[in-house]
>>> print(open('input-v4.txt').read())   # compact mmCIF, C-alpha atoms
# COMPACT_ATOMS: atom_id res chain seq x y z
CA MET A 1 -25.55 -5.73 -18.59
CA ARG A 2 -26.33 -7.67 -21.71
CA GLN A 3 -29.39 -5.56 -22.26
CA LEU A 4 -27.34 -2.42 -21.90
CA LEU A 5 -24.86 -3.71 -24.45
CA ALA A 6 -27.67 -4.64 -26.80
CA PHE A 7 -29.13 -1.17 -26.38
CA LEU A 8 -25.78 0.46 -27.11
CA LEU A 9 -25.24 -1.72 -30.16
CA LYS A 10 -28.69 -1.06 -31.50
CA ASN A 11 -28.26 2.68 -31.21
CA TYR A 12 -24.54 2.74 -31.93
CA PHE A 13 -24.99 5.34 -34.69
CA PHE A 14 -26.32 7.85 -32.19
CA PHE A 15 -23.72 7.07 -29.52
CA LEU A 16 -20.85 7.26 -31.98
CA PHE A 17 -22.23 10.61 -33.10
CA LEU A 18 -22.36 11.75 -29.49
CA MET A 19 -18.81 10.60 -28.83
CA LEU A 20 -17.36 12.33 -31.90
CA GLU A 21 -19.21 15.53 -31.06
CA ILE A 22 -17.83 15.43 -27.54
CA ILE A 23 -14.30 15.09 -28.92
CA ALA A 24 -14.97 18.05 -31.23
CA PHE A 25 -16.25 20.15 -28.35
CA ILE A 26 -13.23 19.30 -26.23
CA LEU A 27 -11.08 20.52 -29.12
CA ILE A 28 -13.08 23.74 -29.34
CA ALA A 29 -12.87 24.33 -25.61
CA ASN A 30 -9.14 23.73 -25.50
CA HIS A 31 -8.60 26.09 -28.36
CA THR A 32 -10.90 28.89 -27.26
CA PHE A 33 -10.28 29.11 -23.56
CA TYR A 34 -6.58 28.39 -23.27
CA GLN A 35 -5.07 30.53 -25.93
CA GLY A 36 -1.39 29.89 -26.23
CA ALA A 37 -1.60 26.40 -24.78
CA ARG A 38 -1.83 24.87 -28.20
CA MET A 39 -1.91 21.14 -28.65
CA PHE A 40 -1.13 20.94 -32.32
CA ASN A 41 2.25 22.50 -32.72
CA THR A 42 3.47 19.82 -35.08
CA ALA A 43 0.31 20.27 -37.10
CA ASN A 44 0.99 23.97 -37.09
CA GLN A 45 4.37 23.20 -38.63
CA LEU A 46 2.76 21.01 -41.30
CA THR A 47 0.02 23.44 -42.28
CA GLY A 48 2.62 26.21 -42.14
CA ASN A 49 4.67 24.43 -44.77
CA VAL A 50 1.67 24.03 -47.06
CA TYR A 51 0.81 27.71 -46.81
CA GLN A 52 4.46 28.65 -47.30
CA THR A 53 4.61 26.75 -50.62
CA TYR A 54 1.35 28.30 -51.75
CA ASN A 55 2.66 31.73 -50.84
CA ASN A 56 5.94 31.26 -52.66
CA ILE A 57 3.93 30.80 -55.84
CA PHE A 58 1.40 33.58 -55.40
CA ASP A 59 3.78 36.19 -54.03
CA TYR A 60 4.81 37.24 -57.51
CA PHE A 61 1.40 38.63 -58.24
CA TYR A 62 1.62 41.12 -55.41
CA LEU A 63 5.21 42.24 -55.87
CA LYS A 64 4.23 45.56 -57.36
CA ASP A 65 1.91 46.56 -54.53
CA ASN A 66 4.39 45.43 -51.91
CA ASN A 67 7.23 47.31 -53.48
CA ARG A 68 5.17 50.46 -53.47
CA MET A 69 4.22 50.04 -49.82
CA LEU A 70 7.79 49.35 -48.75
CA ALA A 71 9.03 52.31 -50.77
CA GLU A 72 6.50 54.55 -49.05
CA GLU A 73 7.62 53.32 -45.69
CA ASN A 74 11.26 53.84 -46.64
CA ALA A 75 10.48 57.38 -47.59
CA ARG A 76 8.74 58.01 -44.32
CA LEU A 77 11.60 56.57 -42.30
CA ARG A 78 14.09 58.57 -44.30
CA ASN A 79 12.17 61.69 -43.36
CA MET A 80 12.67 60.86 -39.72
CA ASN A 81 16.36 60.23 -40.20
CA GLU A 82 18.67 62.66 -38.54
CA LEU A 83 20.49 63.32 -41.79
CA SER A 84 17.41 64.83 -43.37
CA PHE A 85 17.18 67.55 -40.74
CA VAL A 86 19.16 70.73 -40.90
CA LYS A 87 20.62 71.88 -37.60
CA PHE A 88 20.00 75.58 -36.99
CA THR A 89 21.68 75.91 -33.66
CA LYS A 90 25.08 75.10 -32.38
CA SER A 91 24.21 75.14 -28.75
CA GLU A 92 23.13 71.53 -28.87
CA ILE A 93 24.48 69.18 -26.27
CA ASN A 94 25.21 65.67 -27.34
CA VAL A 95 24.49 63.38 -24.47
CA ASN A 96 26.64 60.40 -25.09
CA ASP A 97 25.41 58.11 -22.36
CA THR A 98 22.64 55.66 -21.66
CA PHE A 99 20.01 58.35 -21.56
CA TYR A 100 17.93 56.57 -24.17
CA ARG A 101 17.57 52.86 -23.99
CA GLN A 102 15.80 50.88 -26.60
CA GLN A 103 12.56 49.41 -25.32
CA TYR A 104 11.14 47.78 -28.44
CA THR A 105 12.75 45.69 -31.14
CA PHE A 106 11.01 44.67 -34.33
CA VAL A 107 11.18 41.32 -36.08
CA GLU A 108 10.25 41.49 -39.74
CA ALA A 109 7.87 38.72 -40.83
CA LYS A 110 5.74 37.72 -43.78
CA ILE A 111 2.10 36.70 -43.66
CA ILE A 112 1.53 33.29 -45.20
CA SER A 113 -2.16 32.91 -44.47
CA ASN A 114 -4.81 35.45 -43.69
CA SER A 115 -8.56 35.79 -43.46
CA THR A 116 -10.96 38.70 -43.06
CA GLY A 117 -14.32 37.09 -43.72
CA LYS A 118 -14.89 35.18 -40.51
CA ARG A 119 -16.08 36.39 -37.14
CA ASN A 120 -12.78 35.33 -35.57
CA ASN A 121 -9.87 35.81 -37.90
CA TYR A 122 -6.32 34.52 -37.58
CA LEU A 123 -3.13 35.07 -39.53
CA MET A 124 -0.03 32.94 -39.83
CA LEU A 125 3.52 34.32 -40.01
CA ASN A 126 6.65 32.68 -41.32
CA LYS A 127 8.63 33.49 -38.15
CA GLY A 128 8.40 31.45 -34.97
CA PHE A 129 10.11 30.54 -31.72
CA ASN A 130 13.52 30.14 -33.34
CA GLN A 131 13.35 33.71 -34.64
CA GLY A 132 12.41 35.12 -31.24
CA VAL A 133 8.62 35.29 -31.56
CA ARG A 134 6.78 34.55 -28.29
CA ASN A 135 3.16 34.45 -27.21
CA ASN A 136 1.30 37.73 -26.66
CA MET A 137 3.72 39.84 -28.69
CA ALA A 138 2.15 42.65 -30.67
CA VAL A 139 2.10 42.59 -34.47
CA VAL A 140 2.05 45.82 -36.48
CA SER A 141 2.23 46.62 -40.17
CA SER A 142 3.62 49.72 -41.84
CA ASN A 143 0.10 51.20 -41.77
CA GLY A 144 -1.07 50.32 -38.28
CA ILE A 145 -1.70 47.54 -35.83
CA VAL A 146 -2.53 43.98 -36.92
CA GLY A 147 -2.99 41.70 -33.90
CA ILE A 148 -1.45 39.66 -31.12
CA VAL A 149 0.60 36.45 -31.28
CA ASN A 150 -1.44 33.59 -29.82
CA GLY A 151 0.52 30.50 -30.79
CA VAL A 152 4.12 29.75 -31.71
CA SER A 153 5.73 26.70 -33.31
CA SER A 154 9.45 26.54 -34.04
CA ASN A 155 9.29 28.35 -37.39
CA PHE A 156 5.77 29.72 -37.66
CA SER A 157 3.42 31.67 -35.48
CA SER A 158 -0.32 32.23 -35.39
CA ILE A 159 -1.73 35.72 -34.87
CA MET A 160 -5.09 36.62 -33.39
CA SER A 161 -6.11 39.38 -35.74
CA LEU A 162 -7.64 42.68 -34.63
CA LEU A 163 -10.66 41.23 -36.49
CA HIS A 164 -11.47 38.82 -33.66
CA SER A 165 -14.23 38.91 -31.08
CA GLU A 166 -11.75 38.51 -28.20
CA THR A 167 -9.30 41.20 -29.29
CA LYS A 168 -9.43 44.47 -27.37
CA ILE A 169 -6.76 47.09 -27.84
CA SER A 170 -6.19 49.94 -25.43
CA ALA A 171 -6.33 53.11 -27.50
CA LYS A 172 -6.41 56.89 -27.20
CA LEU A 173 -7.24 59.91 -29.29
CA LYS A 174 -4.08 61.51 -30.57
CA LYS A 175 -5.19 65.11 -30.05
CA ASN A 176 -6.30 64.99 -26.42
CA ASN A 177 -5.14 61.65 -25.01
CA ALA A 178 -8.66 60.47 -24.05
CA THR A 179 -8.35 56.72 -23.65
CA GLY A 180 -10.75 53.99 -24.73
CA SER A 181 -10.63 50.54 -26.22
CA VAL A 182 -10.87 49.37 -29.80
CA SER A 183 -12.70 46.18 -30.82
CA TRP A 184 -14.36 44.68 -33.88
CA GLU A 185 -18.03 43.70 -34.09
CA GLY A 186 -17.95 41.72 -37.32
CA GLY A 187 -19.11 42.82 -40.74
CA SER A 188 -16.75 44.87 -42.83
CA TYR A 189 -13.05 44.40 -42.11
CA LYS A 190 -12.51 48.10 -42.69
CA THR A 191 -14.36 49.47 -39.65
CA GLY A 192 -14.26 48.87 -35.91
CA LEU A 193 -15.58 50.29 -32.65
CA LEU A 194 -13.97 52.66 -30.18
CA ALA A 195 -15.64 52.37 -26.78
CA ASP A 196 -15.29 54.07 -23.37
CA ILE A 197 -14.69 57.63 -24.56
CA PRO A 198 -16.65 59.79 -22.07
CA SER A 199 -19.22 62.24 -23.38
CA HIS A 200 -17.47 65.41 -22.24
CA ILE A 201 -14.57 64.87 -24.64
CA LEU A 202 -14.75 66.83 -27.87
CA ILE A 203 -14.45 64.50 -30.81
CA LYS A 204 -14.61 65.04 -34.57
CA THR A 205 -14.75 62.87 -37.67
CA GLY A 206 -11.23 62.28 -38.90
CA ASP A 207 -9.50 62.36 -35.51
CA THR A 208 -6.63 59.93 -35.34
CA VAL A 209 -6.83 56.97 -32.93
CA ILE A 210 -3.50 55.56 -31.71
CA THR A 211 -2.39 52.90 -29.24
CA SER A 212 -2.22 54.12 -25.66
CA GLY A 213 0.95 52.36 -24.57
CA PHE A 214 -0.83 51.11 -21.43
CA SER A 215 -0.60 47.50 -22.53
CA LEU A 216 2.76 45.85 -22.11
CA ASP A 217 2.88 44.69 -25.70
CA PHE A 218 1.96 47.58 -27.95
CA PRO A 219 4.30 50.57 -28.08
CA GLU A 220 2.61 53.93 -27.65
CA GLY A 221 1.52 55.94 -30.67
CA ILE A 222 0.97 53.32 -33.32
CA VAL A 223 -1.89 54.36 -35.57
CA ILE A 224 -5.09 52.28 -35.35
CA GLY A 225 -7.38 54.35 -37.55
CA THR A 226 -9.47 57.48 -37.85
CA VAL A 227 -12.87 58.34 -36.41
CA ALA A 228 -15.62 57.73 -38.99
CA THR A 229 -18.87 58.45 -37.15
CA THR A 230 -19.74 59.41 -33.59
CA LYS A 231 -23.02 58.96 -31.84
CA LEU A 232 -24.10 60.06 -28.38
CA ASN A 233 -27.46 58.73 -27.25
CA PRO A 234 -29.26 61.04 -24.83
CA GLY A 235 -28.47 60.03 -21.28
CA ASP A 236 -25.39 58.03 -22.19
CA ASN A 237 -22.07 58.73 -20.59
CA PHE A 238 -20.00 57.26 -23.39
CA TYR A 239 -19.83 57.82 -27.12
CA GLN A 240 -20.51 55.13 -29.68
CA ILE A 241 -17.70 55.67 -32.13
CA LYS A 242 -17.04 53.89 -35.42
CA ILE A 243 -13.51 54.04 -36.71
CA ASN A 244 -11.92 53.25 -40.06
CA PHE A 245 -8.93 50.98 -39.57
CA SER A 246 -5.74 52.35 -41.10
CA THR A 247 -4.56 48.81 -41.80
CA ASP A 248 -6.05 47.21 -44.90
CA PHE A 249 -6.36 43.66 -43.60
CA ASN A 250 -7.07 42.30 -47.03
CA LYS A 251 -3.78 43.50 -48.45
CA LEU A 252 -1.42 42.74 -45.58
CA ASP A 253 1.83 41.10 -46.53
CA ASN A 254 4.86 42.24 -44.57
CA VAL A 255 4.47 42.90 -40.86
CA TYR A 256 6.63 43.43 -37.78
CA VAL A 257 6.48 41.51 -34.53
CA VAL A 258 7.18 43.83 -31.61
CA LYS A 259 9.31 42.66 -28.74
CA ASN A 260 9.17 44.63 -25.50
CA LEU A 261 12.60 44.35 -23.91
CA PHE A 262 11.35 45.58 -20.51
CA LYS A 263 8.31 43.35 -20.37
CA GLU A 264 9.62 41.04 -17.65
CA GLU A 265 10.54 43.97 -15.47
CA GLN A 266 7.11 45.55 -15.98
CA LEU A 267 5.38 42.27 -15.27
CA LYS A 268 7.28 41.85 -12.01
CA LEU A 269 6.21 45.32 -10.97
CA LYS A 270 2.62 44.48 -11.82
CA GLU A 271 2.77 41.40 -9.62
CA ILE A 272 3.85 43.57 -6.74
CA GLN A 273 0.89 45.87 -7.43
CA HIS A 274 -1.49 42.98 -7.16
CA GLU A 275 -0.06 41.55 -3.95
CA MET B 1 -14.74 -1.77 -54.25
CA ASN B 2 -11.08 -0.83 -54.09
CA ASN B 3 -11.61 1.56 -56.91
CA LEU B 4 -14.41 3.20 -54.96
CA LEU B 5 -12.27 3.51 -51.84
CA LEU B 6 -9.40 5.05 -53.80
CA ARG B 7 -11.72 7.53 -55.49
CA ASN B 8 -13.12 8.67 -52.15
CA ILE B 9 -9.66 9.08 -50.63
CA LEU B 10 -8.53 11.12 -53.63
CA ARG B 11 -11.68 13.22 -53.40
CA PHE B 12 -10.97 13.81 -49.70
CA ILE B 13 -7.46 15.14 -50.38
CA LEU B 14 -8.51 17.19 -53.38
CA LEU B 15 -11.42 18.83 -51.55
CA VAL B 16 -9.31 19.71 -48.50
CA PHE B 17 -6.74 21.47 -50.67
CA LEU B 18 -9.38 23.13 -52.82
CA GLN B 19 -11.13 24.42 -49.70
CA VAL B 20 -7.99 25.65 -47.94
CA LEU B 21 -6.12 27.13 -50.86
CA VAL B 22 -8.93 28.44 -53.05
CA PHE B 23 -12.28 28.80 -51.31
CA ASP B 24 -10.97 30.13 -48.00
CA ASN B 25 -9.73 33.13 -49.96
CA PHE B 26 -13.20 33.77 -51.28
CA HIS B 27 -15.02 36.29 -49.16
CA PHE B 28 -17.44 39.05 -49.81
CA ASN B 29 -17.75 41.75 -47.17
CA GLY B 30 -17.72 39.26 -44.33
CA TYR B 31 -20.98 37.62 -45.36
CA ILE B 32 -20.18 34.70 -47.62
CA ASN B 33 -17.87 31.81 -46.86
CA PRO B 34 -18.46 28.83 -49.12
CA TYR B 35 -17.42 25.54 -47.53
CA ILE B 36 -17.37 23.20 -50.50
CA TYR B 37 -15.50 20.42 -48.70
CA VAL B 38 -18.87 19.10 -47.44
CA LEU B 39 -19.28 17.71 -50.96
CA PHE B 40 -17.17 14.80 -49.72
CA ILE B 41 -19.84 13.83 -47.22
CA LEU B 42 -22.61 14.38 -49.78
CA LEU B 43 -21.00 12.07 -52.32
CA LEU B 44 -20.15 9.13 -50.04
CA PRO B 45 -21.85 6.04 -51.50
CA PHE B 46 -25.23 4.94 -50.12
CA GLU B 47 -23.82 1.62 -48.95
CA THR B 48 -21.27 3.32 -46.66
CA PRO B 49 -21.70 1.85 -43.16
CA PRO B 50 -23.06 4.46 -40.71
CA TRP B 51 -20.00 4.38 -38.47
CA LEU B 52 -17.71 5.02 -41.45
CA LEU B 53 -19.92 7.94 -42.49
CA LEU B 54 -19.46 9.59 -39.08
CA VAL B 55 -15.76 8.80 -38.82
CA SER B 56 -14.90 10.08 -42.31
CA ALA B 57 -16.91 13.25 -41.63
CA PHE B 58 -14.92 13.65 -38.43
CA PHE B 59 -11.64 13.39 -40.28
CA ILE B 60 -12.45 15.79 -43.08
CA GLY B 61 -13.71 18.36 -40.57
CA PHE B 62 -10.58 17.88 -38.51
CA SER B 63 -8.31 18.34 -41.56
CA ILE B 64 -10.03 21.62 -42.42
CA ASP B 65 -9.74 22.71 -38.78
CA LEU B 66 -5.99 22.14 -38.79
CA PHE B 67 -5.59 24.53 -41.68
CA SER B 68 -8.01 27.25 -40.74
CA ASP B 69 -7.20 27.63 -37.05
CA THR B 70 -10.78 26.90 -36.00
CA MET B 71 -9.95 23.83 -33.92
CA GLY B 72 -13.02 21.62 -33.52
CA ILE B 73 -15.66 23.80 -35.16
CA HIS B 74 -15.57 22.25 -38.64
CA THR B 75 -15.27 18.84 -36.99
CA ALA B 76 -18.42 19.34 -34.94
CA ALA B 77 -20.36 20.73 -37.91
CA SER B 78 -19.31 17.94 -40.29
CA VAL B 79 -20.13 15.17 -37.81
CA PHE B 80 -23.51 16.78 -37.22
CA MET B 81 -24.14 16.91 -40.96
CA ALA B 82 -23.15 13.25 -41.41
CA PHE B 83 -25.46 12.34 -38.55
CA CYS B 84 -28.34 14.06 -40.33
CA ARG B 85 -27.62 12.47 -43.72
CA PRO B 86 -29.63 9.23 -43.28
CA GLY B 87 -32.63 11.22 -42.05
CA ILE B 88 -32.48 13.65 -44.95
CA LEU B 89 -32.18 10.75 -47.39
CA ARG B 90 -35.46 9.44 -46.01
CA ILE B 91 -37.20 12.82 -46.24
CA VAL B 92 -36.08 13.80 -49.75
CA SER B 93 -38.17 11.81 -52.15
CA SER B 94 -36.19 10.03 -54.79
CA PRO B 95 -37.15 8.90 -58.29
CA LYS B 96 -35.30 5.62 -57.73
CA ASP B 97 -34.52 3.41 -54.76
CA TYR B 98 -31.18 3.92 -53.08
CA GLU B 99 -29.63 0.72 -54.35
CA VAL B 100 -26.09 -0.49 -54.36
CA GLY B 101 -24.34 0.93 -57.39
CA ILE B 102 -26.34 4.14 -57.48
CA THR B 103 -24.27 7.13 -56.42
CA PRO B 104 -25.74 10.24 -54.83
CA GLY B 105 -25.32 12.66 -57.72
CA ILE B 106 -27.10 14.41 -60.55
CA LYS B 107 -26.09 11.68 -62.99
CA ASP B 108 -28.09 8.95 -61.30
CA LEU B 109 -30.86 10.75 -59.44
CA GLY B 110 -31.42 14.00 -61.29
CA ILE B 111 -31.05 17.69 -60.53
CA ASN B 112 -34.24 18.06 -58.47
CA TRP B 113 -33.30 15.39 -56.01
CA PHE B 114 -29.68 16.50 -55.77
CA LEU B 115 -30.61 20.15 -55.23
CA ASN B 116 -32.96 19.32 -52.33
CA TYR B 117 -30.49 16.92 -50.78
CA THR B 118 -27.57 19.39 -51.06
CA VAL B 119 -29.38 22.49 -49.83
CA PHE B 120 -30.83 20.68 -46.79
CA LEU B 121 -27.53 19.21 -45.66
CA VAL B 122 -25.39 22.25 -46.47
CA PHE B 123 -27.82 24.41 -44.53
CA LEU B 124 -27.59 22.10 -41.49
CA HIS B 125 -23.79 22.13 -41.71
CA HIS B 126 -23.62 25.91 -41.98
CA LEU B 127 -26.15 26.34 -39.18
CA ALA B 128 -23.91 24.36 -36.84
CA TYR B 129 -20.70 25.90 -38.12
CA PHE B 130 -21.61 29.59 -38.00
CA TYR B 131 -23.29 29.51 -34.59
CA LEU B 132 -20.36 27.59 -33.13
CA GLU B 133 -17.95 30.07 -34.66
CA VAL B 134 -19.73 33.06 -33.17
CA PHE B 135 -20.46 31.06 -30.01
CA SER B 136 -23.40 33.17 -28.92
CA PHE B 137 -26.87 34.12 -30.06
CA HIS B 138 -25.92 37.71 -29.52
CA GLU B 139 -25.86 38.59 -33.23
CA PHE B 140 -28.57 36.06 -34.09
CA PHE B 141 -30.06 37.56 -37.24
CA TYR B 142 -26.79 38.82 -38.60
CA THR B 143 -25.35 35.31 -38.30
CA PHE B 144 -28.51 33.79 -39.77
CA PHE B 145 -28.22 36.07 -42.77
CA ARG B 146 -24.63 34.91 -43.26
CA ILE B 147 -25.77 31.28 -43.02
CA ILE B 148 -28.41 31.73 -45.72
CA LEU B 149 -26.06 33.52 -48.10
CA SER B 150 -23.24 31.04 -47.56
CA THR B 151 -25.61 28.10 -48.03
CA ILE B 152 -26.71 29.51 -51.38
CA PHE B 153 -23.14 29.98 -52.54
CA THR B 154 -21.84 26.63 -51.30
CA SER B 155 -24.72 24.82 -53.00
CA LEU B 156 -24.17 26.81 -56.18
CA PHE B 157 -20.50 25.86 -56.32
CA ILE B 158 -21.26 22.23 -55.59
CA ILE B 159 -23.87 22.03 -58.38
CA ILE B 160 -21.59 23.77 -60.86
CA GLY B 161 -18.89 21.28 -59.87
CA GLN B 162 -21.28 18.39 -60.49
CA TYR B 163 -22.04 19.63 -63.98
CA LEU B 164 -18.35 20.15 -64.70
CA PHE B 165 -17.06 16.78 -63.56
CA TYR B 166 -19.82 14.22 -63.38
CA VAL B 167 -22.59 14.85 -65.86
CA LYS B 168 -21.34 13.70 -69.21
CA LYS B 169 -23.69 13.26 -72.08
>>> encode(input="input-v4.txt", output="structure tokens")
Amino acid sequence: MRQLLAFLLKNYFFFLFLMLEIIAFILIANHTFYQGARMFNTANQLTGNVYQTYNNIFDYFYLKDNNRMLAEENARLRNMNELSFVKFTKSEINVNDTFYRQQYTFVEAKIISNSTGKRNNYLMLNKGFNQGVRNNMAVVSSNGIVGIVNGVSSNFSSIMSLLHSETKISAKLKKNNATGSVSWEGGSYKTGLLADIPSHILIKTGDTVITSGFSLDFPEGIVIGTVATTKLNPGDNFYQIKINFSTDFNKLDNVYVVKNLFKEEQLKLKEIQHE
Amino acid sequence: MNNLLLRNILRFILLVFLQVLVFDNFHFNGYINPYIYVLFILLLPFETPPWLLLVSAFFIGFSIDLFSDTMGIHTAASVFMAFCRPGILRIVSSPKDYEVGITPGIKDLGINWFLNYTVFLVFLHHLAYFYLEVFSFHEFFYTFFRIILSTIFTSLFIIIGQYLFYVKK
């Protein structure tokens, strides 16, 4: 026993190193494999406050760009407004009942920290649990999709960006509804991969890729990007497609968190499917 | 002694904020991420007890982790780097003995020594950090390329910083 103690004391540098590394690896494991079960919510609040202060200062530099983007979005929404359409026919029936029910609501939020240079990128938003943000909600910008909520504290939330090795988004081609999945393989934050499109589908550069609506979190039809290059190796059943993301991740500022009002109902149904 | 302690604590806080608010926003096409906070570990005095070396490396890595949502990765890399520091000090030949009162910097030991010391340790830190971040050898050479480029840039920033703040003629 004494010898063991003496041995430990003599090599304490190495054993301390080992112990600290083990703690670090436990932290990594907890963070990587149990997304959502976050241990450091208070820390999240603290770091959130630091980033918020930083952002309050640096926001002014980007006001011009943001104004332009919001104005463009306003214009687009105005185009969709009923008032900007002329009615040519009088035989229209107004159905004044619960024919349409709202499925998605949008919470406006601001990005207070962002990265694009790492292999796994995260963003932080200034809205959290108190504002109705929950885990796994989708996040979209005015130009396209952004990511998925993976951690919530009371006033801030952390987003797993589309630029993350674990993110996979169910997608389809707008023109013929062929479905695949979009992911990111590192490198430039402007391009990603579209996989699982079978070889018999006709595909061209410039085709629009949108969300499929098969996931419970992303509404259908949100733009992801456009096809940049396609490759079909001889003998392969699936294309290798590179896409240009429509979202400029480096310039993101205002985003929307999407809440699916029917999610619980859909989840219940899914449980029945699996039974 | 107290003065030394205070200076290291101040350096700790300053480097964490500098890293999180300035250098984390520095990226070039996904290749280069300078992590200049390792300067804290580089500049700890020679007479620092080994356990304190490891523990302070643990805490600075942990602080960076809290801010950059990479729980544990910076911690593991920094502790690894601190563990390697005594060994590297033995390998890198020095013009003077590592005595009490001599600080690891350009001012006392010259640019040649400091460059070797910095590049070695920064490379080891980045090696651990980037492979843990990717968590596979799947993109081995791509990651290695990133490590080399980031090592060059981190070292460059650290040396420029040394000339700005420490070397006074």
>>> closest_residue(input="input-v4.txt", among="A:Leu20, A:Met69, A:Val182, A:Leu9", to="chain B", atoms="only C-alpha atoms")
A:Leu20
>>> atom_distance(input="input-v4.txt", atom1="atom CA of A:Val149", atom2="atom CA of A:Val133")
8.1 Å
>>> atom_distance(input="input-v4.txt", atom1="atom CA of A:Leu216", atom2="atom CA of A:Leu269")
11.7 Å
>>> atom_distance(input="input-v4.txt", atom1="atom CA of B:Phe58", atom2="atom CA of A:Ile23")
9.6 Å
>>> interface_residues(input="input-v4.txt", of="chain A", to="chain B", cutoff="6 Å", atoms="all atoms listed in the file", output="PyMOL selection string")
chain A and resi 21+24+27-28+47+117+187-188
>>> residues_near_point(input="input-v4.txt", point="(-8.8, 43.9, -47.2)", cutoff="9 Å", atoms="only C-alpha atoms", output="ChimeraX atom specification")
/A:115-116,189-190,247-252
>>> write_last_selection(input="input-v4.txt", atoms="C-alpha atoms", output="PDB file, in the frame of the given file")
ATOM      1  CA  SER A 115      -8.560  35.790 -43.460  1.00  0.00           C
ATOM      2  CA  THR A 116     -10.960  38.700 -43.060  1.00  0.00           C
ATOM      3  CA  TYR A 189     -13.050  44.400 -42.110  1.00  0.00           C
ATOM      4  CA  LYS A 190     -12.510  48.100 -42.690  1.00  0.00           C
ATOM      5  CA  THR A 247      -4.560  48.810 -41.800  1.00  0.00           C
ATOM      6  CA  ASP A 248      -6.050  47.210 -44.900  1.00  0.00           C
ATOM      7  CA  PHE A 249      -6.360  43.660 -43.600  1.00  0.00           C
ATOM      8  CA  ASN A 250      -7.070  42.300 -47.030  1.00  0.00           C
ATOM      9  CA  LYS A 251      -3.780  43.500 -48.450  1.00  0.00           C
ATOM     10  CA  LEU A 252      -1.420  42.740 -45.580  1.00  0.00           C
TER      11      LEU A 252
END
>>> residues_near_point(input="input-v4.txt", point="(-14.5, 55.1, -36.3)", cutoff="9 Å", atoms="all atoms listed in the file", output="list in words")
Thr191, Gly192, Leu193, Leu194, Thr205, Gly206, Asp207, Val209, Gly225, Thr226, Val227, Ala228, Thr229, Thr230, Gln240, Ile241, Lys242, Ile243, Asn244 and Phe245 of chain A
>>> residues_around(input="input-v4.txt", residues="A:Thr211", least_positions_apart="4", cutoff="8 Å", atoms="all atoms listed in the file", output="list in words")
Ile169, Ser170, Ala171, Lys172, Phe218, Pro219, Glu220, Gly221, Ile222, Val223 and Ile224 of chain A
>>> residues_around(input="input-v4.txt", residues="stretch 95-105 of chain B", least_positions_apart="3", cutoff="8 Å", atoms="all atoms listed in the file", output="ChimeraX atom specification")
/B:42-47,108-110,113-114,162
